[in-house]
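S.K.: As input, take final-v4.pdb (PDB, C-alpha atoms (C1' of nucleotides)):
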```
MODEL        1
ATOM      1  CA  MET A  78      83.324  98.849  86.552
ATOM      2  CA  THR A  79      84.750  95.933  84.654
ATOM      3  CA  ARG A  80      87.728  97.202  82.767
ATOM      4  CA  LYS A  81      89.775  94.288  81.580
ATOM      5  CA  GLY A  82      89.784  90.606  82.245
ATOM      6  CA  LEU A  83      87.038  88.884  84.064
ATOM      7  CA  LEU A  84      86.104  86.942  87.125
ATOM      8  CA  THR A  85      88.105  83.762  86.935
ATOM      9  CA  THR A  86      87.395  80.881  89.279
ATOM     10  CA  GLN A  87      90.211  81.947  91.583
ATOM     11  CA  ARG A  88      89.028  85.524  91.773
ATOM     12  CA  LYS A  89      85.466  84.452  92.382
ATOM     13  CA  VAL A  90      86.449  82.136  95.228
ATOM     14  CA  ILE A  91      88.661  84.757  96.826
ATOM     15  CA  TYR A  92      85.950  87.359  96.449
ATOM     16  CA  GLU A  93      83.477  85.106  98.262
ATOM     17  CA  ILE A  94      85.903  84.546 101.095
ATOM     18  CA  VAL A  95      86.447  88.259 101.592
ATOM     19  CA  LYS A  96      82.775  89.055 101.167
ATOM     20  CA  GLN A  97      81.664  86.559 103.770
ATOM     21  CA  ALA A  98      84.479  87.151 106.221
ATOM     22  CA  LYS A  99      83.587  89.072 109.336
ATOM     23  CA  ASP A 100      87.115  89.819 110.384
ATOM     24  CA  HIS A 101      88.974  91.695 107.631
ATOM     25  CA  PRO A 102      91.387  88.913 106.692
ATOM     26  CA  THR A 103      94.946  89.372 105.493
ATOM     27  CA  ALA A 104      96.333  87.670 102.405
ATOM     28  CA  ALA A 105      97.769  84.990 104.675
ATOM     29  CA  ASP A 106      94.357  84.485 106.310
ATOM     30  CA  ILE A 107      92.832  84.073 102.891
ATOM     31  CA  MET A 108      95.475  81.546 101.892
ATOM     32  CA  GLU A 109      94.583  79.541 104.976
ATOM     33  CA  ARG A 110      90.859  79.628 104.295
ATOM     34  CA  LEU A 111      91.464  78.598 100.724
ATOM     35  CA  LYS A 112      93.328  75.547 101.935
ATOM     36  CA  GLN A 113      90.551  74.780 104.399
ATOM     37  CA  GLY A 114      88.109  75.013 101.529
ATOM     38  CA  GLY A 115      90.108  72.543  99.483
ATOM     39  CA  TYR A 116      91.710  75.091  97.176
ATOM     40  CA  SER A 117      95.409  75.618  96.680
ATOM     41  CA  PHE A 118      96.123  78.809  94.802
ATOM     42  CA  ALA A 119      99.575  80.270  94.509
ATOM     43  CA  TYR A 120     100.415  83.208  96.751
ATOM     44  CA  GLY A 121     101.036  85.327  93.691
ATOM     45  CA  THR A 122      97.572  84.520  92.430
ATOM     46  CA  VAL A 123      95.995  85.537  95.701
ATOM     47  CA  TYR A 124      97.704  88.904  95.624
ATOM     48  CA  ASN A 125      96.939  89.306  91.951
ATOM     49  CA  SER A 126      93.288  88.546  92.606
ATOM     50  CA  LEU A 127      93.082  90.855  95.596
ATOM     51  CA  ARG A 128      94.529  93.682  93.563
ATOM     52  CA  TYR A 129      92.163  92.965  90.724
ATOM     53  CA  LEU A 130      89.141  92.909  93.021
ATOM     54  CA  THR A 131      90.269  96.088  94.743
ATOM     55  CA  GLU A 132      90.756  97.918  91.471
ATOM     56  CA  ALA A 133      87.412  96.670  90.231
ATOM     57  CA  GLY A 134      85.858  98.236  93.328
ATOM     58  CA  MET A 135      84.535  94.915  94.574
ATOM     59  CA  ILE A 136      86.482  94.899  97.824
ATOM     60  CA  ARG A 137      88.514  97.411  99.813
ATOM     61  CA  GLU A 138      92.104  97.180 100.946
ATOM     62  CA  LEU A 139      92.755  98.354 104.489
ATOM     63  CA  GLN A 140      96.172  99.414 105.617
ATOM     64  CA  LEU A 141      95.747  99.631 109.332
ATOM     65  CA  GLU A 142      98.674  99.049 111.604
ATOM     66  CA  GLY A 143     100.927  96.036 111.478
ATOM     67  CA  ASP A 144     102.574  94.615 108.445
ATOM     68  CA  ALA A 145      99.916  92.973 106.362
ATOM     69  CA  SER A 146      97.087  94.612 104.436
ATOM     70  CA  ARG A 147      93.590  93.517 105.365
ATOM     71  CA  TYR A 148      90.696  93.166 102.985
ATOM     72  CA  ASP A 149      87.110  94.262 103.478
ATOM     73  CA  GLY A 150      84.103  93.068 101.536
ATOM     74  CA  HIS A 151      82.113  96.146 102.483
ATOM     75  CA  VAL A 152      82.673  98.755  99.843
ATOM     76  CA  GLU A 153      80.215 101.346 101.095
ATOM     77  CA  ASP A 154      81.808 104.412 102.628
ATOM     78  CA  HIS A 155      82.643 103.620 106.219
ATOM     79  CA  GLN A 156      85.369 103.797 108.818
ATOM     80  CA  HIS A 157      86.925 101.334 111.262
ATOM     81  CA  VAL A 158      87.510 100.828 114.949
ATOM     82  CA  ILE A 159      90.205  98.563 116.390
ATOM     83  CA  CYS A 160      90.193  96.981 119.818
ATOM     84  CA  ARG A 161      93.464  97.657 121.576
ATOM     85  CA  LEU A 162      93.187  94.425 123.536
ATOM     86  CA  CYS A 163      91.966  91.714 121.174
ATOM     87  CA  GLY A 164      92.862  93.358 117.870
ATOM     88  CA  LYS A 165      89.388  92.978 116.442
ATOM     89  CA  VAL A 166      88.421  95.387 113.664
ATOM     90  CA  ASP A 167      84.809  96.561 113.435
ATOM     91  CA  GLU A 168      82.996  98.775 110.978
ATOM     92  CA  VAL A 169      81.860 102.310 111.780
ATOM     93  CA  TYR A 170      79.002 103.698 109.737
ATOM     94  CA  THR A 171      78.603 106.991 111.540
ATOM     95  CA  VAL A 172      79.199 109.570 108.844
ATOM     96  CA  VAL A 173      82.143 111.946 109.142
ATOM     97  CA  PRO A 174      80.771 115.456 109.926
ATOM     98  CA  THR A 175      80.877 117.439 106.718
ATOM     99  CA  ASP A 176      81.383 120.768 108.439
ATOM    100  CA  TRP A 177      84.456 119.412 110.139
ATOM    101  CA  VAL A 178      85.882 118.302 106.807
ATOM    102  CA  ALA A 179      85.045 121.727 105.399
ATOM    103  CA  THR A 180      86.963 123.349 108.236
ATOM    104  CA  VAL A 181      89.970 121.139 107.600
ATOM    105  CA  ALA A 182      89.832 121.999 103.902
ATOM    106  CA  ASN A 183      89.767 125.678 104.744
ATOM    107  CA  GLU A 184      92.622 125.510 107.178
ATOM    108  CA  THR A 185      94.908 123.361 105.056
ATOM    109  CA  GLY A 186      94.008 124.671 101.615
ATOM    110  CA  TYR A 187      93.654 121.103 100.401
ATOM    111  CA  ASP A 188      90.836 119.986  98.172
ATOM    112  CA  ILE A 189      89.786 117.066 100.347
ATOM    113  CA  GLU A 190      88.336 114.086  98.543
ATOM    114  CA  MET A 191      88.136 111.411 101.185
ATOM    115  CA  GLU A 192      88.859 110.534 104.786
ATOM    116  CA  HIS A 193      90.146 107.393 106.409
ATOM    117  CA  VAL A 194      89.412 107.237 110.089
ATOM    118  CA  VAL A 195      90.628 104.597 112.477
ATOM    119  CA  PHE A 196      89.343 104.684 116.023
ATOM    120  CA  LYS A 197      91.159 102.801 118.728
ATOM    121  CA  GLY A 198      89.778 101.657 122.012
ATOM    122  CA  VAL A 199      88.342  98.666 123.813
ATOM    123  CA  CYS A 200      85.514  96.570 122.382
ATOM    124  CA  PRO A 201      82.452  95.636 124.469
ATOM    125  CA  GLN A 202      83.638  92.063 125.011
ATOM    126  CA  CYS A 203      87.036  93.137 126.260
ATOM    127  CA  GLN A 204      85.420  95.774 128.461
ATOM    128  CA  ASN A 205      83.519  92.994 130.189
ATOM    129  CA  ALA A 206      86.510  90.709 130.360
ATOM    130  CA  THR A 207      88.589  93.335 132.099
ATOM    131  CA  LYS A 208      85.881  94.760 134.293
ATOM    132  CA  ASP A 209      87.525  93.625 137.538
ATOM    133  CA  THR A 210      91.145  93.513 136.487
ATOM    134  CA  ASN A 211      93.142  96.688 136.433
ATOM    135  CA  LEU A 212      93.982  97.347 132.805
TER     136      LEU A 212
ATOM    137  CA  MET B 272     109.233 109.649 130.423
ATOM    138  CA  THR B 273     112.698 108.154 130.438
ATOM    139  CA  ARG B 274     112.359 104.543 131.407
ATOM    140  CA  LYS B 275     115.592 102.817 130.560
ATOM    141  CA  GLY B 276     118.678 103.706 128.641
ATOM    142  CA  LEU B 277     119.451 107.181 127.560
ATOM    143  CA  LEU B 278     119.953 109.415 124.602
ATOM    144  CA  THR B 279     123.029 108.085 122.889
ATOM    145  CA  THR B 280     124.724 110.046 120.143
ATOM    146  CA  GLN B 281     122.944 108.037 117.462
ATOM    147  CA  ARG B 282     119.531 108.549 119.014
ATOM    148  CA  LYS B 283     120.160 112.217 119.478
ATOM    149  CA  VAL B 284     121.212 112.712 115.874
ATOM    150  CA  ILE B 285     118.243 110.723 114.576
ATOM    151  CA  TYR B 286     115.910 112.638 116.849
ATOM    152  CA  GLU B 287     117.191 115.927 115.468
ATOM    153  CA  ILE B 288     116.673 114.758 111.910
ATOM    154  CA  VAL B 289     113.082 113.739 112.566
ATOM    155  CA  LYS B 290     112.384 116.836 114.622
ATOM    156  CA  GLN B 291     113.633 119.191 111.943
ATOM    157  CA  ALA B 292     112.220 117.321 108.974
ATOM    158  CA  LYS B 293     109.206 118.868 107.337
ATOM    159  CA  ASP B 294     108.233 115.815 105.353
ATOM    160  CA  HIS B 295     107.665 112.840 107.658
ATOM    161  CA  PRO B 296     110.694 110.815 106.574
ATOM    162  CA  THR B 297     110.867 107.038 106.399
ATOM    163  CA  ALA B 298     113.691 105.022 107.906
ATOM    164  CA  ALA B 299     115.323 104.967 104.473
ATOM    165  CA  ASP B 300     115.006 108.749 104.210
ATOM    166  CA  ILE B 301     116.666 109.060 107.574
ATOM    167  CA  MET B 302     119.476 106.740 106.519
ATOM    168  CA  GLU B 303     120.071 108.977 103.530
ATOM    169  CA  ARG B 304     120.118 112.167 105.569
ATOM    170  CA  LEU B 305     122.489 110.577 108.032
ATOM    171  CA  LYS B 306     124.898 109.823 105.224
ATOM    172  CA  GLN B 307     124.525 113.350 103.907
ATOM    173  CA  GLY B 308     125.347 114.599 107.376
ATOM    174  CA  GLY B 309     128.495 112.518 107.505
ATOM    175  CA  TYR B 310     127.125 109.800 109.763
ATOM    176  CA  SER B 311     126.977 106.121 108.941
ATOM    177  CA  PHE B 312     124.789 104.242 111.377
ATOM    178  CA  ALA B 313     123.687 100.695 110.797
ATOM    179  CA  TYR B 314     120.121 100.135 109.599
ATOM    180  CA  GLY B 315     119.434  98.148 112.719
ATOM    181  CA  THR B 316     120.539 101.053 114.840
ATOM    182  CA  VAL B 317     118.263 103.442 113.008
ATOM    183  CA  TYR B 318     115.255 101.213 113.595
ATOM    184  CA  ASN B 319     116.304 100.602 117.160
ATOM    185  CA  SER B 320     116.609 104.348 117.732
ATOM    186  CA  LEU B 321     113.292 105.128 116.071
ATOM    187  CA  ARG B 322     111.541 102.583 118.242
ATOM    188  CA  TYR B 323     113.237 103.938 121.324
ATOM    189  CA  LEU B 324     112.266 107.517 120.495
ATOM    190  CA  THR B 325     108.707 106.471 119.702
ATOM    191  CA  GLU B 326     108.329 104.583 122.959
ATOM    192  CA  ALA B 327     109.844 107.484 124.849
ATOM    193  CA  GLY B 328     107.129 109.681 123.338
ATOM    194  CA  MET B 329     109.634 111.942 121.645
ATOM    195  CA  ILE B 330     108.461 111.234 118.105
ATOM    196  CA  ARG B 331     105.443 109.587 116.494
ATOM    197  CA  GLU B 332     105.359 106.694 114.071
ATOM    198  CA  LEU B 333     102.910 107.089 111.209
ATOM    199  CA  GLN B 334     101.617 104.141 109.297
ATOM    200  CA  LEU B 335      99.968 105.759 106.351
ATOM    201  CA  GLU B 336      99.727 103.925 103.102
ATOM    202  CA  GLY B 337     102.627 102.301 101.330
ATOM    203  CA  ASP B 338     105.162  99.994 102.839
ATOM    204  CA  ALA B 339     107.393 102.084 105.000
ATOM    205  CA  SER B 340     106.546 103.751 108.302
ATOM    206  CA  ARG B 341     107.039 107.487 108.449
ATOM    207  CA  TYR B 342     108.193 109.419 111.468
ATOM    208  CA  ASP B 343     106.866 112.687 112.788
ATOM    209  CA  GLY B 344     108.601 115.017 115.197
ATOM    210  CA  HIS B 345     105.325 116.616 116.220
ATOM    211  CA  VAL B 346     103.968 114.719 119.172
ATOM    212  CA  GLU B 347     100.990 116.928 119.915
ATOM    213  CA  ASP B 348      97.626 115.406 119.041
ATOM    214  CA  HIS B 349      96.992 116.013 115.383
ATOM    215  CA  GLN B 350      95.919 114.372 112.149
ATOM    216  CA  HIS B 351      97.316 114.238 108.611
ATOM    217  CA  VAL B 352      96.370 115.036 105.053
ATOM    218  CA  ILE B 353      98.011 113.461 102.007
ATOM    219  CA  CYS B 354      98.139 114.920  98.526
ATOM    220  CA  ARG B 355      96.957 112.388  95.988
ATOM    221  CA  LEU B 356      99.182 113.882  93.316
ATOM    222  CA  CYS B 357     102.539 114.697  94.872
ATOM    223  CA  GLY B 358     102.335 112.461  97.921
ATOM    224  CA  LYS B 359     103.099 115.251 100.366
ATOM    225  CA  VAL B 360     101.910 114.754 103.940
ATOM    226  CA  ASP B 361     100.773 117.787 105.922
ATOM    227  CA  GLU B 362      99.611 118.227 109.480
ATOM    228  CA  VAL B 363      96.010 118.883 110.450
ATOM    229  CA  TYR B 364      95.408 120.558 113.784
ATOM    230  CA  THR B 365      91.665 120.940 113.519
ATOM    231  CA  VAL B 366      90.357 118.990 116.497
ATOM    232  CA  VAL B 367      88.173 115.943 115.914
ATOM    233  CA  PRO B 368      84.581 116.820 116.976
ATOM    234  CA  THR B 369      83.978 115.246 120.355
ATOM    235  CA  ASP B 370      80.273 114.750 119.822
ATOM    236  CA  TRP B 371      80.999 112.757 116.699
ATOM    237  CA  VAL B 372      83.373 110.498 118.629
ATOM    238  CA  ALA B 373      80.724 110.143 121.316
ATOM    239  CA  THR B 374      78.208 109.052 118.699
ATOM    240  CA  VAL B 375      80.610 106.471 117.323
ATOM    241  CA  ALA B 376      81.237 105.171 120.836
ATOM    242  CA  ASN B 377      77.510 104.845 121.395
ATOM    243  CA  GLU B 378      76.852 103.083 118.139
ATOM    244  CA  THR B 379      79.742 100.644 118.350
ATOM    245  CA  GLY B 380      79.829 100.031 122.090
ATOM    246  CA  TYR B 381      83.572 100.609 122.054
ATOM    247  CA  ASP B 382      85.346 102.642 124.675
ATOM    248  CA  ILE B 383      87.149 104.900 122.239
ATOM    249  CA  GLU B 384      90.528 106.163 123.322
ATOM    250  CA  MET B 385      91.983 107.743 120.231
ATOM    251  CA  GLU B 386      91.435 108.483 116.573
ATOM    252  CA  HIS B 387      93.755 108.463 113.596
ATOM    253  CA  VAL B 388      92.428 110.429 110.701
ATOM    254  CA  VAL B 389      93.991 110.623 107.259
ATOM    255  CA  PHE B 390      92.486 113.003 104.748
ATOM    256  CA  LYS B 391      93.244 112.586 101.094
ATOM    257  CA  GLY B 392      92.969 115.183  98.403
ATOM    258  CA  VAL B 393      94.964 117.660  96.388
ATOM    259  CA  CYS B 394      97.319 120.173  97.970
ATOM    260  CA  PRO B 395      97.243 123.871  97.050
ATOM    261  CA  GLN B 396     100.386 123.617  94.897
ATOM    262  CA  CYS B 397      99.048 120.710  92.874
ATOM    263  CA  GLN B 398      95.716 122.463  92.518
ATOM    264  CA  ASN B 399      97.534 125.319  90.842
ATOM    265  CA  ALA B 400      99.716 123.050  88.755
ATOM    266  CA  THR B 401      96.719 121.240  87.347
ATOM    267  CA  LYS B 402      94.445 124.228  87.007
ATOM    268  CA  ASP B 403      94.284 124.013  83.213
ATOM    269  CA  THR B 404      94.958 120.335  82.691
ATOM    270  CA  ASN B 405      92.108 117.902  83.049
ATOM    271  CA  LEU B 406      92.914 115.778  86.055
TER     272      LEU B 406
ATOM    273  C1'  DT C 126      96.399  83.042  67.563
ATOM    274  C1'  DT C 127      96.536  86.583  70.595
ATOM    275  C1'  DT C 128      95.770  88.073  75.136
ATOM    276  C1'  DC C 129      95.160  87.490  79.893
ATOM    277  C1'  DT C 130      95.837  84.462  83.960
ATOM    278  C1'  DT C 131      97.903  80.982  86.752
ATOM    279  C1'  DG C 132     101.634  78.750  89.254
ATOM    280  C1'  DC C 133     105.949  78.687  90.994
ATOM    281  C1'  DA C 134     110.178  80.465  92.342
ATOM    282  C1'  DA C 135     113.022  84.194  92.896
ATOM    283  C1'  DA C 136     113.453  88.931  93.937
ATOM    284  C1'  DA C 137     112.514  93.121  96.347
ATOM    285  C1'  DC C 138     111.568  95.696 100.426
ATOM    286  C1'  DA C 139     110.859  96.902 105.222
ATOM    287  C1'  DT C 140     111.824  95.451 109.596
ATOM    288  C1'  DT C 141     113.633  92.386 113.275
ATOM    289  C1'  DT C 142     116.942  89.531 115.508
ATOM    290  C1'  DG C 143     121.318  87.260 117.086
ATOM    291  C1'  DC C 144     125.699  87.922 118.544
ATOM    292  C1'  DA C 145     130.238  89.772 119.227
ATOM    293  C1'  DA C 146     132.479  94.083 120.015
ATOM    294  C1'  DA C 147     132.199  98.687 121.889
ATOM    295  C1'  DT C 148     130.458 101.963 125.172
ATOM    296  C1'  DC C 149     128.527 103.872 129.384
ATOM    297  C1'  DG C 150     127.960 104.284 134.219
TER     298       DG C 150
ATOM    299  C1'  DC D   9     132.324  94.926 136.198
ATOM    300  C1'  DG D  10     127.520  94.766 134.528
ATOM    301  C1'  DA D  11     124.076  96.489 131.620
ATOM    302  C1'  DT D  12     122.952  98.626 127.436
ATOM    303  C1'  DT D  13     123.827  99.793 122.716
ATOM    304  C1'  DT D  14     126.026  99.505 118.325
ATOM    305  C1'  DG D  15     127.248  97.344 113.931
ATOM    306  C1'  DC D  16     126.740  93.931 110.805
ATOM    307  C1'  DA D  17     124.763  90.107 108.699
ATOM    308  C1'  DA D  18     121.358  86.918 108.482
ATOM    309  C1'  DA D  19     116.538  85.934 109.050
ATOM    310  C1'  DT D  20     111.580  87.078 108.656
ATOM    311  C1'  DG D  21     107.332  88.438 106.653
ATOM    312  C1'  DT D  22     104.835  90.711 103.046
ATOM    313  C1'  DT D  23     104.261  91.761  98.430
ATOM    314  C1'  DT D  24     105.912  91.958  93.634
ATOM    315  C1'  DT D  25     107.890  90.200  89.484
ATOM    316  C1'  DG D  26     109.611  87.178  85.669
ATOM    317  C1'  DC D  27     108.632  83.569  82.939
ATOM    318  C1'  DA D  28     106.850  79.311  81.151
ATOM    319  C1'  DA D  29     102.617  76.781  80.802
ATOM    320  C1'  DG D  30      97.542  76.980  80.645
ATOM    321  C1'  DA D  31      92.995  78.910  79.631
ATOM    322  C1'  DA D  32      89.949  82.032  77.362
ATOM    323  C1'  DA D  33      88.339  85.121  73.588
TER     324       DA D  33
ENDMDL
END
```
For this file, produce the structure as structure tokens.
M.R.:
Amino acid sequence: MTRKGLLTTQRKVIYEIVKQAKDHPTAADIMERLKQGGYSFAYGTVYNSLRYLTEAGMIRELQLEGDASRYDGHVEDHQHVICRLCGKVDEVYTVVPTDWVATVANETGYDIEMEHVVFKGVCPQCQNATKDTNL
Amino acid sequence: MTRKGLLTTQRKVIYEIVKQAKDHPTAADIMERLKQGGYSFAYGTVYNSLRYLTEAGMIRELQLEGDASRYDGHVEDHQHVICRLCGKVDEVYTVVPTDWVATVANETGYDIEMEHVVFKGVCPQCQNATKDTNL
DNA sequence: TTTCTTGCAAAACATTTGCAAATCG
DNA sequence: CGATTTGCAAATGTTTTGCAAGAAA
């Protein structure tokens, strides 16, 4: 798992932030939390560290919609669901049906190695909030 | 479908390029094909047109991995598969299992409205090309 | 010392925006 | 005319890169 280099202070701190975050932060979010925690790392270092941690398999990079990549401390195989209203991103641990993937492989001829699924909808909180309004 | 404004020459030409493309071109790709076709639209106009066409439901914007958005002339509901080796993007028309989506909705509490699925693997051509090598 | 990492600034991209000129109805 | 759209350039936001200084093996 550890190829080259090691966990420097910066990388360790950034790893902890991502690991403990419940909201899939962007690099900018992480910068902000670093400042709040009394750290002041260079932007380049944050990106460097995030790439390192991603390549080491310690975190996952999510490229959902929007400009900035988000980072996820959960490395187990899982998918994501985004709330159309508040933008929240939650984890989905329901496993992708293997027979469906097999069908896709058959129909496309691809040797399929992984799937990234993003569901979109309305989260429970926003469902409540908009119960009487007409969205 | 048509809210405001109409199909100007630029939008029509760009629409035709996306519609006929077989490779999900980026804005830069489209710029290049415009030049090859003898047109010279401003970058801003290309983005403006792509947004217009997307909002009019005439094309789809894909945010796969990498920096640049890709555009797809197929607006029917479908998914995508990317070749890990050559980067090709193909269409997947195998329908997402509804009972799986229902399970995800149950487990997450979300009201799920749509799914974006990206499969990753190796396309038939690259499978052949690497048959004897050890990738 | 030799290699990797940080910090900082500049560069590289993709995309958006502001505004004057052109076009359409 | 009045509204929209184009073209161009400048601005924005994200991510990468170059390089000198610093830290680690």
S.K.: One decimal, in Å: what's the spacing between atom CA of A:Tyr170 and atom CA of A:Lys96?
M.R.: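 One can read the atom CA of A:Tyr170 to atom CA of A:Lys96 distance as 17.4 Å.
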S.K.: Just the residues within 9 Å of B:Val317, please, counting only C-alpha atoms (C1' of nucleotides), with nothing from its chain fewer than 3 positions along; format it as a list in words.
M.R.: Gln281, Arg282, Ile285, Ala298, Ile301, Met302, Phe312, Ala313, Tyr314, Ser320, Leu321 and Arg322 of chain B
S.K.: Please produce an output containing C-alpha atoms for each residue in the selection, written as a PDB file, in the coordinates of the input.
M.R.:
```pdb
ATOM      1  CA  GLN B 281     122.944 108.037 117.462  1.00  0.00           C
ATOM      2  CA  ARG B 282     119.531 108.549 119.014  1.00  0.00           C
ATOM      3  CA  ILE B 285     118.243 110.723 114.576  1.00  0.00           C
ATOM      4  CA  ALA B 298     113.691 105.022 107.906  1.00  0.00           C
ATOM      5  CA  ILE B 301     116.666 109.060 107.574  1.00  0.00           C
ATOM      6  CA  MET B 302     119.476 106.740 106.519  1.00  0.00           C
ATOM      7  CA  PHE B 312     124.789 104.242 111.377  1.00  0.00           C
ATOM      8  CA  ALA B 313     123.687 100.695 110.797  1.00  0.00           C
ATOM      9  CA  TYR B 314     120.121 100.135 109.599  1.00  0.00           C
ATOM     10  CA  SER B 320     116.609 104.348 117.732  1.00  0.00           C
ATOM     11  CA  LEU B 321     113.292 105.128 116.071  1.00  0.00           C
ATOM     12  CA  ARG B 322     111.541 102.583 118.242  1.00  0.00           C
TER      13      ARG B 322
END
```
S.K.: State, in Å with one decimal place, the distance from atom CA of B:Asp370 to atom CA of A:Pro174.
M.R.: 9.9 Å
S.K.: At a cut-off of 7 Å, list the chain B residues touching chain A, using all atoms listed in the file, as a ChimeraX atom specification.
M.R.: /B:334,336,365,375,380-395
S.K.: Identify all chain C residues at most 7 Å from chain A by counting all atoms listed in the file; ligands do not count. Present them as a list in words.
M.R.: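 Interface list for chain C against chain A: DC129, DT131 and DG132 of chain C.
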S.K.: Go ahead and compute the interatomic distance for atom C1' of C:DC138 and atom C1' of D:DT20, in Å to one decimal.
M.R.: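 Computing it gives 11.9 Å between the two atoms.
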S.K.: Kindly provide the residues of chain D that approach chain A to within 10 Å, each paired with its closest atom pair and their distance in Å to one decimal, based on all atoms listed in the file, listed by chain and increasing number, as CSV.
M.R.:
```
residue,atom,partner,partner_atom,distance
D:DG21,C1',A:Asp144,CA,8.0
D:DT22,C1',A:Ala145,CA,6.3
D:DT23,C1',A:Tyr124,CA,7.7
D:DT24,C1',A:Gly121,CA,8.2
D:DT25,C1',A:Gly121,CA,9.4
D:DA32,C1',A:Gly82,CA,9.9
```
S.K.: Evaluate the PyMOL selection byres ((chain A and resi 153) around 10) on the structure here and hand back the selected residues as number ranges by chain.
M.R.: A: 136-137, 150-152, 154-156, 170
S.K.: Would you write out, as a ChimeraX atom specification, every residue that the PyMOL selection byres ((chain D and resi 17) around 12) captures in this file?
M.R.: /B:313-315 /C:142-145 /D:15-16,18-19
S.K.: Going by the chain IDs and residue numbers used in this file, which residues fall under the PyMOL selection byres ((chain D and resi 10) around 12)? Write them as a list in words.
M.R.: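 On this input, the PyMOL selection byres ((chain D and resi 10) around 12) captures DC149 and DG150 of chain C; DC9, DA11 and DT12 of chain D.
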